[in-house]
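See structure below.
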Amino acid sequence: MTSTKYIGLDVHKESISIAVLNFSGKAVMECVIETKASTILQFIHGLRGDLHVTFEEGTWACWLYDLLKPHVTELVVCNPRKIALVLKDGSKSDRIDAHKLAELLYMKKIQPVYHGEHGLRMLKELSRSYLTISKDLGRVMNRIKALYRSWAIPCAGTQVYAPHYRSEWLSKIREVGVRRRAELYYQQLDALRLVRQQARKELLAEARKHRATKLLRQIPGIGPLRAAHLVGVMQTPHRFRTKRQLWNYSGLGLETHDSAQYRVVEGQLQRSKKPVTLRGLNDNHNHDLKDIFKGAAMRASTAAGPLHDFYEALLAKGRKPTMARLTLARKIAAITLIVWKKEVRFDANYLKRQAA
């Protein structure tokens, strides 16, 4: 117990500022070392006792996590959004930030960022590659339409992207320089389509190696691609103890604000009957996971099946279509957690009230 040390690392491209606290929270060491694997491990091996280490999530986090994990007692990658106010308070420097990180770790005030260790690195990277390429493809498509609109050329629909009609669309542009710009955008579009097709093929091939994707594909609205992304992004369902934790992580959690909750009535404190104010969905979330569940809800609401019946029942009760799809997305997230955690088949009974 007395040999326990709490280590805060403020990591940068060329250097790492380090602060070390002992078991009573007193600073016993501080130094600056080079951001180099051999130097970092040499420093860690020079310390004795139980080592608890923390640093902020960032560009170097994945590499540093894999490097340090086998050599320390506890490794916490902290969420910089949750400690931003602490780090910005007062004077700021690499040395001060390292000390603040060590103190927060000592007080157990750090909210960790999950780093997987379940042999899913390949699937995770392929999923991230496909999602990134898809976003790049969307940006290029937007640029093409923006170019036509900037010259007052209507371009609704998807025909403007089709190779078959490309010469026809290019002929509508009179300016030679603008037309050449459009041709370059089309070349970029064609290249990204080929790359995305290859990324999709590799992603689905890798996903077939994991049993979880077969379980998730049983859920209406979740096909091979969404199942692959779910496993790649979430990695394990045991990160989430309850469905509400998954809702918050996916951006489907309701954010409420309340104040002055009690009042005095005849000398006794009573809880106010004022309704809690809903402020919408939580902002801090995984955007890719939210898109997956929203897309699954959209698909399930239009295709025949138990989830479509559930959606229609919500509309019959007077629920707005947008709110009904939100409820359906939350339901799909809850069912995903059940099916994946318990390794069971999809059952329509999961659509009962308590499952969402």
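Just remember, in the structure tokens the first chain shown is A, the second B, etc., residues are 1-based per chain, and ligands are 1-based in the order shown.
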Tell me, as a PyMOL selection string, which residues lie within 7 Å of Cys31 in chain A, counting only C-alpha atoms; anything in the same chain fewer than 3 positions away does not count. chain A and resi 17-19
Backbone DSSP call of strand (DSSP E or B) for range 85-332 of chain A, listed as a PyMOL selection string: chain A and resi 112+254-257+262-265+268-271+277-281
Output all heavy atoms for every residue in that selection, as a short mmCIF file (atom, residue, chain, number, x, y, z; two decimals), in the first residue's frame.
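Ended up saving to part-v6.cif:
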data_model
loop_
_atom_site.label_atom_id
_atom_site.label_comp_id
_atom_site.auth_asym_id
_atom_site.auth_seq_id
_atom_site.Cartn_x
_atom_site.Cartn_y
_atom_site.Cartn_z
N PRO A 112 -12.88 7.26 -17.32
CA PRO A 112 -12.00 6.62 -18.33
C PRO A 112 -12.64 6.55 -19.71
O PRO A 112 -13.87 6.55 -19.86
CB PRO A 112 -11.80 5.22 -17.75
CG PRO A 112 -13.04 4.96 -16.95
CD PRO A 112 -13.45 6.28 -16.39
N LEU A 254 -32.01 10.92 -22.83
CA LEU A 254 -32.72 12.17 -22.62
C LEU A 254 -32.01 13.00 -21.55
O LEU A 254 -31.68 12.49 -20.48
CB LEU A 254 -34.16 11.90 -22.20
CG LEU A 254 -35.03 11.16 -23.23
CD1 LEU A 254 -36.42 10.90 -22.66
CD2 LEU A 254 -35.13 11.95 -24.52
N GLU A 255 -31.78 14.26 -21.86
CA GLU A 255 -31.14 15.17 -20.91
C GLU A 255 -32.21 16.00 -20.23
O GLU A 255 -33.01 16.67 -20.89
CB GLU A 255 -30.15 16.09 -21.65
CG GLU A 255 -29.25 16.85 -20.72
CD GLU A 255 -28.14 17.57 -21.47
OE1 GLU A 255 -27.20 16.89 -21.93
OE2 GLU A 255 -28.23 18.80 -21.60
N THR A 256 -32.24 15.94 -18.91
CA THR A 256 -33.26 16.66 -18.14
C THR A 256 -32.61 17.70 -17.23
O THR A 256 -31.48 17.52 -16.78
CB THR A 256 -34.08 15.69 -17.28
OG1 THR A 256 -33.21 15.03 -16.34
CG2 THR A 256 -34.78 14.65 -18.14
N HIS A 257 -33.32 18.79 -16.99
CA HIS A 257 -32.87 19.83 -16.08
C HIS A 257 -33.94 20.06 -15.03
O HIS A 257 -35.13 20.14 -15.36
CB HIS A 257 -32.59 21.13 -16.84
CG HIS A 257 -31.34 21.10 -17.64
ND1 HIS A 257 -30.65 22.23 -18.00
CD2 HIS A 257 -30.62 20.07 -18.15
CE1 HIS A 257 -29.58 21.91 -18.69
NE2 HIS A 257 -29.54 20.59 -18.81
N TYR A 262 -37.67 20.91 -3.93
CA TYR A 262 -38.47 20.79 -2.71
C TYR A 262 -39.00 22.15 -2.28
O TYR A 262 -38.38 23.19 -2.54
CB TYR A 262 -37.61 20.19 -1.59
CG TYR A 262 -37.25 18.74 -1.83
CD1 TYR A 262 -36.11 18.40 -2.55
CD2 TYR A 262 -38.07 17.72 -1.34
CE1 TYR A 262 -35.79 17.07 -2.78
CE2 TYR A 262 -37.75 16.39 -1.58
CZ TYR A 262 -36.61 16.07 -2.29
OH TYR A 262 -36.30 14.77 -2.53
N ARG A 263 -40.12 22.14 -1.61
CA ARG A 263 -40.71 23.35 -1.05
C ARG A 263 -41.29 23.02 0.33
O ARG A 263 -41.55 21.84 0.65
CB ARG A 263 -41.78 23.90 -1.97
CG ARG A 263 -42.94 22.95 -2.21
CD ARG A 263 -43.98 23.56 -3.11
NE ARG A 263 -45.11 22.64 -3.32
CZ ARG A 263 -46.23 22.99 -3.96
NH1 ARG A 263 -46.35 24.20 -4.48
NH2 ARG A 263 -47.20 22.11 -4.10
N VAL A 264 -41.50 24.06 1.13
CA VAL A 264 -42.03 23.88 2.49
C VAL A 264 -43.53 24.07 2.47
O VAL A 264 -44.04 25.12 2.05
CB VAL A 264 -41.38 24.88 3.46
CG1 VAL A 264 -41.97 24.71 4.86
CG2 VAL A 264 -39.86 24.69 3.49
N VAL A 265 -44.25 23.04 2.91
CA VAL A 265 -45.72 23.08 3.00
C VAL A 265 -46.12 22.75 4.43
O VAL A 265 -45.86 21.64 4.91
CB VAL A 265 -46.37 22.09 2.02
CG1 VAL A 265 -47.89 22.16 2.14
CG2 VAL A 265 -45.95 22.40 0.59
N GLN A 268 -43.41 21.39 6.55
CA GLN A 268 -42.80 20.13 6.11
C GLN A 268 -42.24 20.27 4.70
O GLN A 268 -42.85 20.93 3.84
CB GLN A 268 -43.84 18.99 6.15
CG GLN A 268 -44.42 18.71 7.52
CD GLN A 268 -43.37 18.13 8.47
OE1 GLN A 268 -42.49 17.38 8.05
NE2 GLN A 268 -43.48 18.47 9.74
N LEU A 269 -41.08 19.64 4.48
CA LEU A 269 -40.51 19.64 3.14
C LEU A 269 -41.25 18.63 2.27
O LEU A 269 -41.42 17.47 2.65
CB LEU A 269 -39.03 19.28 3.18
CG LEU A 269 -38.06 20.41 3.52
CD1 LEU A 269 -36.65 19.86 3.63
CD2 LEU A 269 -38.11 21.50 2.46
N GLN A 270 -41.70 19.10 1.12
CA GLN A 270 -42.36 18.22 0.16
C GLN A 270 -41.74 18.41 -1.21
O GLN A 270 -41.35 19.53 -1.58
CB GLN A 270 -43.87 18.52 0.09
CG GLN A 270 -44.64 18.13 1.33
CD GLN A 270 -46.14 18.31 1.15
OE1 GLN A 270 -46.60 18.65 0.07
NE2 GLN A 270 -46.89 18.07 2.21
N ARG A 271 -41.68 17.32 -1.95
CA ARG A 271 -41.11 17.41 -3.30
C ARG A 271 -42.08 18.15 -4.20
O ARG A 271 -43.29 17.91 -4.18
CB ARG A 271 -40.83 16.01 -3.85
CG ARG A 271 -40.05 16.04 -5.16
CD ARG A 271 -39.70 14.63 -5.62
NE ARG A 271 -38.94 14.67 -6.86
CZ ARG A 271 -37.63 14.80 -6.93
NH1 ARG A 271 -36.91 14.87 -5.81
NH2 ARG A 271 -37.00 14.83 -8.09
N THR A 277 -37.87 19.36 -16.74
CA THR A 277 -37.72 19.95 -18.06
C THR A 277 -36.82 19.08 -18.93
O THR A 277 -35.70 18.77 -18.55
CB THR A 277 -37.11 21.36 -17.97
OG1 THR A 277 -37.92 22.16 -17.10
CG2 THR A 277 -37.06 22.01 -19.35
N LEU A 278 -37.34 18.68 -20.09
CA LEU A 278 -36.55 17.90 -21.04
C LEU A 278 -35.79 18.86 -21.95
O LEU A 278 -36.38 19.78 -22.53
CB LEU A 278 -37.45 17.00 -21.87
CG LEU A 278 -38.09 15.81 -21.15
CD1 LEU A 278 -39.02 15.06 -22.08
CD2 LEU A 278 -37.02 14.86 -20.63
N ARG A 279 -34.49 18.65 -22.09
CA ARG A 279 -33.65 19.51 -22.92
C ARG A 279 -33.17 18.81 -24.18
O ARG A 279 -32.22 19.23 -24.80
CB ARG A 279 -32.45 19.99 -22.09
CG ARG A 279 -32.82 20.89 -20.93
CD ARG A 279 -33.46 22.18 -21.41
NE ARG A 279 -33.78 23.06 -20.30
CZ ARG A 279 -32.97 24.02 -19.85
NH1 ARG A 279 -31.77 24.18 -20.41
NH2 ARG A 279 -33.34 24.80 -18.86
N GLY A 280 -33.81 17.72 -24.55
CA GLY A 280 -33.42 17.00 -25.76
C GLY A 280 -32.46 15.85 -25.46
O GLY A 280 -32.37 15.38 -24.33
N LEU A 281 -31.75 15.41 -26.49
CA LEU A 281 -30.83 14.29 -26.36
C LEU A 281 -29.45 14.78 -25.92
O LEU A 281 -29.09 15.94 -26.16
CB LEU A 281 -30.72 13.54 -27.69
CG LEU A 281 -32.04 12.99 -28.26
CD1 LEU A 281 -31.78 12.31 -29.59
CD2 LEU A 281 -32.69 12.03 -27.29
#
Do you know which residues are at most 7 Å from Thr213 in chain A counting only C-alpha atoms, after dropping those on the same chain fewer than 3 positions away, and could you put them as a PyMOL selection string? chain A and resi 207-208+210+216-217+227-228+231
Using N, CA and C atoms, can you export the residues from the last selection as an mmCIF file, in the first residue's frame?
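Output file result-v4.cif follows:
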data_model
loop_
_atom_site.group_PDB
_atom_site.id
_atom_site.type_symbol
_atom_site.label_atom_id
_atom_site.label_comp_id
_atom_site.auth_asym_id
_atom_site.auth_seq_id
_atom_site.Cartn_x
_atom_site.Cartn_y
_atom_site.Cartn_z
ATOM 1 N N ALA A 207 -15.874 -9.430 -40.477
ATOM 2 C CA ALA A 207 -17.016 -9.531 -39.558
ATOM 3 C C ALA A 207 -17.544 -10.960 -39.469
ATOM 4 N N ARG A 208 -17.434 -11.705 -40.570
ATOM 5 C CA ARG A 208 -17.932 -13.088 -40.559
ATOM 6 C C ARG A 208 -17.143 -13.985 -39.619
ATOM 7 N N HIS A 210 -16.610 -13.302 -36.549
ATOM 8 C CA HIS A 210 -17.059 -13.046 -35.183
ATOM 9 C C HIS A 210 -18.518 -13.470 -35.020
ATOM 10 N N LEU A 216 -26.425 -10.381 -34.042
ATOM 11 C CA LEU A 216 -27.001 -9.055 -34.233
ATOM 12 C C LEU A 216 -27.789 -8.944 -35.529
ATOM 13 N N ARG A 217 -27.423 -9.739 -36.529
ATOM 14 C CA ARG A 217 -28.135 -9.680 -37.805
ATOM 15 C C ARG A 217 -29.558 -10.215 -37.706
ATOM 16 N N ALA A 227 -24.221 -4.634 -38.474
ATOM 17 C CA ALA A 227 -23.731 -5.567 -37.453
ATOM 18 C C ALA A 227 -22.214 -5.480 -37.323
ATOM 19 N N ALA A 228 -21.522 -5.380 -38.464
ATOM 20 C CA ALA A 228 -20.060 -5.262 -38.439
ATOM 21 C C ALA A 228 -19.634 -3.975 -37.738
ATOM 22 N N VAL A 231 -20.173 -4.200 -33.825
ATOM 23 C CA VAL A 231 -19.120 -4.962 -33.142
ATOM 24 C C VAL A 231 -17.806 -4.181 -33.165
#
Applying 10 Å and only C-alpha atoms, which residues near Trp151 in chain A remain after dropping the ones on its own chain fewer than 5 positions away? List them as a list in words.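 Listing them by chain and then by number gives Ala146, Lys172, Ile173, Arg174, Glu175 and Val178 of chain A.
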Pull the helix (DSSP H, G or I) assignments for range 46-262 of chain A out of DSSP run on the backbone, and list those residues as a PyMOL selection string. chain A and resi 61-71+84-88+94-106+121-150+159-161+163-170+176-207+211-216+224-234+237-239+243-249
May I ask which of the residues A:Ala162, A:Leu328, A:Leu51, A:Ile33 is the closest one to Thr2 in chain A, counting only C-alpha atoms?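 Selected residue with least distance to Thr2 in chain A: A:Leu51.
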Can you tell me which residues surround Gly221 in chain A at a distance of at most 9 Å, considering only C-alpha atoms, apart from same-chain residues fewer than 5 positions away, and format the answer as an MDAnalysis selection string? chainID A and resid 226 293 295:301 303 307 332
Could you take the residues named above and write them with C-alpha atoms, as a short mmCIF file (atom, residue, chain, number, x, y, z; two decimals), in the first residue's frame?
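Wrote out-v9.cif, looks like this:
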data_model
loop_
_atom_site.label_atom_id
_atom_site.label_comp_id
_atom_site.auth_asym_id
_atom_site.auth_seq_id
_atom_site.Cartn_x
_atom_site.Cartn_y
_atom_site.Cartn_z
CA ARG A 226 -24.54 -2.42 -39.44
CA PHE A 293 -29.22 2.93 -34.49
CA GLY A 295 -30.49 4.04 -39.63
CA ALA A 296 -31.68 0.73 -38.21
CA ALA A 297 -34.81 2.43 -36.84
CA MET A 298 -35.52 4.06 -40.20
CA ARG A 299 -35.14 0.72 -41.96
CA ALA A 300 -37.24 -1.21 -39.43
CA SER A 301 -40.04 1.39 -39.54
CA ALA A 303 -40.09 -2.93 -43.58
CA LEU A 307 -40.51 -3.57 -35.14
CA ILE A 332 -33.24 -1.48 -31.00
#
Give me the residues near Pro163 in chain A as a list of chain:residue names, where near means some atom within 12 Å (using only C-alpha atoms) and where sequence neighbours in that chain fewer than 3 positions away do not count.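 After dropping sequence-adjacent residues, the list is A:Thr158, A:Gln159, A:Val160, A:Arg166, A:Ser167, A:Glu168, A:Trp169, A:Leu170, A:Glu183, A:Tyr186, A:Gln187, A:Leu189, A:Asp190, A:Arg193.
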Write the residues of the selection above to a file with N, CA, C and O atoms, as a PDB file, in the first residue's frame.
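The new file again-v6.pdb reads:
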ATOM      1  N   THR A 158     -29.995  11.933 -57.841  1.00  0.00           N
ATOM      2  CA  THR A 158     -28.666  11.309 -57.880  1.00  0.00           C
ATOM      3  C   THR A 158     -28.130  11.124 -59.293  1.00  0.00           C
ATOM      4  O   THR A 158     -27.032  10.602 -59.475  1.00  0.00           O
ATOM      5  N   GLN A 159     -28.897  11.546 -60.297  1.00  0.00           N
ATOM      6  CA  GLN A 159     -28.461  11.359 -61.685  1.00  0.00           C
ATOM      7  C   GLN A 159     -27.159  12.104 -61.968  1.00  0.00           C
ATOM      8  O   GLN A 159     -26.346  11.664 -62.790  1.00  0.00           O
ATOM      9  N   VAL A 160     -26.926  13.208 -61.247  1.00  0.00           N
ATOM     10  CA  VAL A 160     -25.742  14.019 -61.481  1.00  0.00           C
ATOM     11  C   VAL A 160     -24.453  13.250 -61.180  1.00  0.00           C
ATOM     12  O   VAL A 160     -23.383  13.576 -61.705  1.00  0.00           O
ATOM     13  N   ARG A 166     -22.753  11.631 -67.209  1.00  0.00           N
ATOM     14  CA  ARG A 166     -21.746  12.604 -66.794  1.00  0.00           C
ATOM     15  C   ARG A 166     -21.445  13.638 -67.878  1.00  0.00           C
ATOM     16  O   ARG A 166     -21.378  14.839 -67.607  1.00  0.00           O
ATOM     17  N   SER A 167     -21.270  13.193 -69.115  1.00  0.00           N
ATOM     18  CA  SER A 167     -20.961  14.136 -70.197  1.00  0.00           C
ATOM     19  C   SER A 167     -22.105  15.117 -70.418  1.00  0.00           C
ATOM     20  O   SER A 167     -21.883  16.300 -70.738  1.00  0.00           O
ATOM     21  N   GLU A 168     -23.328  14.632 -70.236  1.00  0.00           N
ATOM     22  CA  GLU A 168     -24.500  15.506 -70.385  1.00  0.00           C
ATOM     23  C   GLU A 168     -24.503  16.610 -69.334  1.00  0.00           C
ATOM     24  O   GLU A 168     -24.773  17.783 -69.638  1.00  0.00           O
ATOM     25  N   TRP A 169     -24.147  16.251 -68.087  1.00  0.00           N
ATOM     26  CA  TRP A 169     -24.119  17.243 -67.020  1.00  0.00           C
ATOM     27  C   TRP A 169     -22.947  18.205 -67.200  1.00  0.00           C
ATOM     28  O   TRP A 169     -23.090  19.414 -66.972  1.00  0.00           O
ATOM     29  N   LEU A 170     -21.816  17.693 -67.629  1.00  0.00           N
ATOM     30  CA  LEU A 170     -20.651  18.562 -67.818  1.00  0.00           C
ATOM     31  C   LEU A 170     -20.887  19.572 -68.939  1.00  0.00           C
ATOM     32  O   LEU A 170     -20.372  20.700 -68.905  1.00  0.00           O
ATOM     33  N   GLU A 183     -14.748  17.966 -63.530  1.00  0.00           N
ATOM     34  CA  GLU A 183     -14.150  16.706 -63.973  1.00  0.00           C
ATOM     35  C   GLU A 183     -13.218  16.122 -62.912  1.00  0.00           C
ATOM     36  O   GLU A 183     -13.204  14.897 -62.693  1.00  0.00           O
ATOM     37  N   TYR A 186     -15.265  14.570 -60.225  1.00  0.00           N
ATOM     38  CA  TYR A 186     -15.791  13.272 -60.651  1.00  0.00           C
ATOM     39  C   TYR A 186     -14.713  12.180 -60.563  1.00  0.00           C
ATOM     40  O   TYR A 186     -15.011  11.039 -60.193  1.00  0.00           O
ATOM     41  N   GLN A 187     -13.491  12.539 -60.905  1.00  0.00           N
ATOM     42  CA  GLN A 187     -12.400  11.574 -60.773  1.00  0.00           C
ATOM     43  C   GLN A 187     -12.200  11.170 -59.317  1.00  0.00           C
ATOM     44  O   GLN A 187     -11.981   9.991 -59.009  1.00  0.00           O
ATOM     45  N   LEU A 189     -14.511  11.268 -57.039  1.00  0.00           N
ATOM     46  CA  LEU A 189     -15.685  10.474 -56.683  1.00  0.00           C
ATOM     47  C   LEU A 189     -15.521   9.020 -57.114  1.00  0.00           C
ATOM     48  O   LEU A 189     -15.785   8.096 -56.333  1.00  0.00           O
ATOM     49  N   ASP A 190     -15.057   8.814 -58.348  1.00  0.00           N
ATOM     50  CA  ASP A 190     -14.871   7.439 -58.846  1.00  0.00           C
ATOM     51  C   ASP A 190     -13.819   6.688 -58.034  1.00  0.00           C
ATOM     52  O   ASP A 190     -13.991   5.502 -57.721  1.00  0.00           O
ATOM     53  N   ARG A 193     -15.237   5.718 -54.616  1.00  0.00           N
ATOM     54  CA  ARG A 193     -16.202   4.623 -54.724  1.00  0.00           C
ATOM     55  C   ARG A 193     -15.498   3.273 -54.793  1.00  0.00           C
ATOM     56  O   ARG A 193     -15.934   2.300 -54.174  1.00  0.00           O
TER      57      ARG A 193
END
For Glu202 in chain A, the closest of A:Gln235, A:Cys155, A:Tyr130, A:Ser150 counting only C-alpha atoms is A:Tyr130
Between A:Ser259, A:Asn286, A:Thr39, A:Thr54, single out the one closest to Ile110 in chain A, counting only C-alpha atoms. A:Thr54
Name all residues at most 9 Å from Phe346 in chain A (count only C-alpha atoms; drop same-chain ones fewer than 6 positions away) and give them as JSON, numbers by chain. {"A": [215, 216, 218, 219, 220, 335, 336, 338, 339]}
Let me see the file: selected residues, all heavy atoms, as a PDB file, in the first residue's frame.
ATOM      1  N   LEU A 215     -25.397 -12.981 -34.444  1.00  0.00           N
ATOM      2  CA  LEU A 215     -26.486 -12.741 -33.488  1.00  0.00           C
ATOM      3  C   LEU A 215     -27.190 -11.416 -33.772  1.00  0.00           C
ATOM      4  O   LEU A 215     -28.426 -11.346 -33.764  1.00  0.00           O
ATOM      5  CB  LEU A 215     -25.930 -12.729 -32.061  1.00  0.00           C
ATOM      6  CG  LEU A 215     -25.400 -14.047 -31.506  1.00  0.00           C
ATOM      7  CD1 LEU A 215     -24.690 -13.819 -30.176  1.00  0.00           C
ATOM      8  CD2 LEU A 215     -26.550 -15.040 -31.310  1.00  0.00           C
ATOM      9  N   LEU A 216     -26.425 -10.381 -34.042  1.00  0.00           N
ATOM     10  CA  LEU A 216     -27.001  -9.055 -34.233  1.00  0.00           C
ATOM     11  C   LEU A 216     -27.789  -8.944 -35.529  1.00  0.00           C
ATOM     12  O   LEU A 216     -28.739  -8.160 -35.615  1.00  0.00           O
ATOM     13  CB  LEU A 216     -25.888  -8.000 -34.209  1.00  0.00           C
ATOM     14  CG  LEU A 216     -25.133  -7.862 -32.885  1.00  0.00           C
ATOM     15  CD1 LEU A 216     -24.018  -6.844 -33.005  1.00  0.00           C
ATOM     16  CD2 LEU A 216     -26.075  -7.468 -31.760  1.00  0.00           C
ATOM     17  N   GLN A 218     -29.879 -10.894 -36.621  1.00  0.00           N
ATOM     18  CA  GLN A 218     -31.248 -11.378 -36.434  1.00  0.00           C
ATOM     19  C   GLN A 218     -32.209 -10.240 -36.099  1.00  0.00           C
ATOM     20  O   GLN A 218     -33.416 -10.362 -36.281  1.00  0.00           O
ATOM     21  CB  GLN A 218     -31.292 -12.400 -35.301  1.00  0.00           C
ATOM     22  CG  GLN A 218     -30.389 -13.600 -35.491  1.00  0.00           C
ATOM     23  CD  GLN A 218     -30.297 -14.416 -34.217  1.00  0.00           C
ATOM     24  OE1 GLN A 218     -31.223 -14.425 -33.413  1.00  0.00           O
ATOM     25  NE2 GLN A 218     -29.182 -15.083 -34.021  1.00  0.00           N
ATOM     26  N   ILE A 219     -31.679  -9.127 -35.616  1.00  0.00           N
ATOM     27  CA  ILE A 219     -32.517  -7.996 -35.219  1.00  0.00           C
ATOM     28  C   ILE A 219     -32.978  -7.256 -36.459  1.00  0.00           C
ATOM     29  O   ILE A 219     -32.152  -6.877 -37.296  1.00  0.00           O
ATOM     30  CB  ILE A 219     -31.740  -7.040 -34.292  1.00  0.00           C
ATOM     31  CG1 ILE A 219     -31.206  -7.797 -33.073  1.00  0.00           C
ATOM     32  CG2 ILE A 219     -32.601  -5.865 -33.866  1.00  0.00           C
ATOM     33  CD1 ILE A 219     -30.270  -6.983 -32.197  1.00  0.00           C
ATOM     34  N   PRO A 220     -34.282  -7.039 -36.633  1.00  0.00           N
ATOM     35  CA  PRO A 220     -34.773  -6.306 -37.807  1.00  0.00           C
ATOM     36  C   PRO A 220     -34.143  -4.918 -37.903  1.00  0.00           C
ATOM     37  O   PRO A 220     -34.029  -4.198 -36.913  1.00  0.00           O
ATOM     38  CB  PRO A 220     -36.283  -6.205 -37.551  1.00  0.00           C
ATOM     39  CG  PRO A 220     -36.595  -7.358 -36.645  1.00  0.00           C
ATOM     40  CD  PRO A 220     -35.385  -7.526 -35.777  1.00  0.00           C
ATOM     41  N   ILE A 335     -32.446  -3.922 -27.294  1.00  0.00           N
ATOM     42  CA  ILE A 335     -32.499  -5.307 -27.765  1.00  0.00           C
ATOM     43  C   ILE A 335     -31.105  -5.789 -28.173  1.00  0.00           C
ATOM     44  O   ILE A 335     -30.726  -6.939 -27.916  1.00  0.00           O
ATOM     45  CB  ILE A 335     -33.485  -5.430 -28.942  1.00  0.00           C
ATOM     46  CG1 ILE A 335     -34.919  -5.177 -28.450  1.00  0.00           C
ATOM     47  CG2 ILE A 335     -33.379  -6.790 -29.601  1.00  0.00           C
ATOM     48  CD1 ILE A 335     -35.949  -5.104 -29.557  1.00  0.00           C
ATOM     49  N   THR A 336     -30.320  -4.896 -28.791  1.00  0.00           N
ATOM     50  CA  THR A 336     -28.935  -5.233 -29.160  1.00  0.00           C
ATOM     51  C   THR A 336     -28.147  -5.662 -27.933  1.00  0.00           C
ATOM     52  O   THR A 336     -27.402  -6.651 -27.969  1.00  0.00           O
ATOM     53  CB  THR A 336     -28.256  -4.017 -29.823  1.00  0.00           C
ATOM     54  OG1 THR A 336     -28.939  -3.696 -31.036  1.00  0.00           O
ATOM     55  CG2 THR A 336     -26.788  -4.314 -30.112  1.00  0.00           C
ATOM     56  N   ILE A 338     -29.322  -6.903 -25.122  1.00  0.00           N
ATOM     57  CA  ILE A 338     -29.839  -8.183 -24.612  1.00  0.00           C
ATOM     58  C   ILE A 338     -29.307  -9.351 -25.453  1.00  0.00           C
ATOM     59  O   ILE A 338     -28.773 -10.334 -24.928  1.00  0.00           O
ATOM     60  CB  ILE A 338     -31.383  -8.180 -24.624  1.00  0.00           C
ATOM     61  CG1 ILE A 338     -31.933  -7.164 -23.618  1.00  0.00           C
ATOM     62  CG2 ILE A 338     -31.922  -9.570 -24.303  1.00  0.00           C
ATOM     63  CD1 ILE A 338     -33.438  -6.986 -23.691  1.00  0.00           C
ATOM     64  N   VAL A 339     -29.470  -9.237 -26.767  1.00  0.00           N
ATOM     65  CA  VAL A 339     -29.085 -10.326 -27.669  1.00  0.00           C
ATOM     66  C   VAL A 339     -27.589 -10.609 -27.590  1.00  0.00           C
ATOM     67  O   VAL A 339     -27.154 -11.762 -27.552  1.00  0.00           O
ATOM     68  CB  VAL A 339     -29.504  -9.982 -29.117  1.00  0.00           C
ATOM     69  CG1 VAL A 339     -28.906 -10.972 -30.106  1.00  0.00           C
ATOM     70  CG2 VAL A 339     -31.019  -9.963 -29.228  1.00  0.00           C
TER      71      VAL A 339
END
Expressed in Å to a single decimal, how great is the separation between CA of Gly177 in chain A and CA of Arg139 in chain A? 20.9 Å
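When CA of Gly25 in chain A is paired with CA of Leu75 in chain A, their separation reads 17.5 Å.
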What does the distance from CA of Trp340 in chain A to CA of Thr236 in chain A come to in Å, to one decimal?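 Separation between CA of Trp340 in chain A and CA of Thr236 in chain A: 8.4 Å.
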